[in-house]
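Have a look at the structure below before the remarks.
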Amino acid sequence: MTEESTNKAEWKQILKDIDAKIRKEVAGVVGADATDTWETIGSKMEQKVRAETSKGVGGEPDEEWEQIGERFKHKIKSGIAKVADADESDDWNTIGKKMDSKVRSEISTGMSGETEESWEQIGRRTEKGVRSGVGELAGADPDDDWETVGRKIEEKIKNALRDWLKED
């Protein structure tokens with residue numbers, strides 16, 4: 001057996017074990033049986049999620065997704081307008097322009113003291129910071145490339161999944 005086929009077989013078994021454990025846990029949370037199909041579990045989950053989501057935006061548990069979406073849209077626009085120092089009655093284009101200006105200024109000032117960096121410069125600086133931070137969490141060196149970081153993350157995930165699956 002090649003290393004690649006061993007790796008695939010290993011992942012296949014891990015995924016099978018994960019499916020069984022997740023099915024059991026999700027079914028318990030949504031009031032289904034662990035032997036129910038994913039379709040049945042999903043249906044019960046959708047009902048529960050819809051009710052909780054509606055409640056979270058000030059709606060009733062039996063509201064339809066369209067109504068819930070409208071409530072979300074209103075809350076999001078109101079929140080973004082507030083952060084952007086715009087009026088809630090402004091159109092999205094106006095709110096977006098105000099937000100772009102505010103975010104660009106705050107990000108570039110916070111990172112370098114300059115107030116007018118391009119999005120490309122901000123993006124490069126941010127990517128390097130994210131890659132370095134994620135790499136550090138995975139046990140990689142700060143200057144490792146994404147491929148190296150990815151391999152280290154894969155190993156950590158495999159080990160964490162193995163440990164999690166042993167808990168039962």
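We name chains A, B, ... following the order of the structure tokens; residues begin at 1 in each chain, and ligands are numbered from 1 as shown.
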
Range 121-152 of chain A: residues DSSP assigns to helix (DSSP H, G or I), reported as a ChimeraX atom specification: /A:121-138,146-152

Neighbour list for range 125-133 of chain A as an MDAnalysis selection string, cut-off 7 Å, only C-alpha atoms, skip fewer than 4 positions in-chain: chainID A and resid 121 137 142:143 146

Export C-alpha atoms of the chosen residues as a PDB file, in the first residue's frame?
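Once written, out25.pdb looks like this:
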ATOM      1  CA  GLN A 121      -0.473  46.989   0.927  1.00  0.00           C
ATOM      2  CA  LEU A 137      -0.701  27.979  16.439  1.00  0.00           C
ATOM      3  CA  PRO A 142       6.628  32.547  11.386  1.00  0.00           C
ATOM      4  CA  ASP A 143       8.108  32.650   7.872  1.00  0.00           C
ATOM      5  CA  TRP A 146       1.060  28.245   3.475  1.00  0.00           C
TER       6      TRP A 146
END

Selection near Lys166 in chain A, 12 Å with only C-alpha atoms, sequence-local residues under 3 positions removed, as an MDAnalysis selection string: chainID A and resid 14 17:18 21 159:163

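Separating CA of Glu88 in chain A from CA of Val103 in chain A is a distance of 18.0 Å.
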
Residue neighbourhood Ser78 in chain A, 10 Å, only C-alpha atoms, exclusion window fewer than 6 positions, as a PyMOL selection string: chain A and resi 72+84+86-90
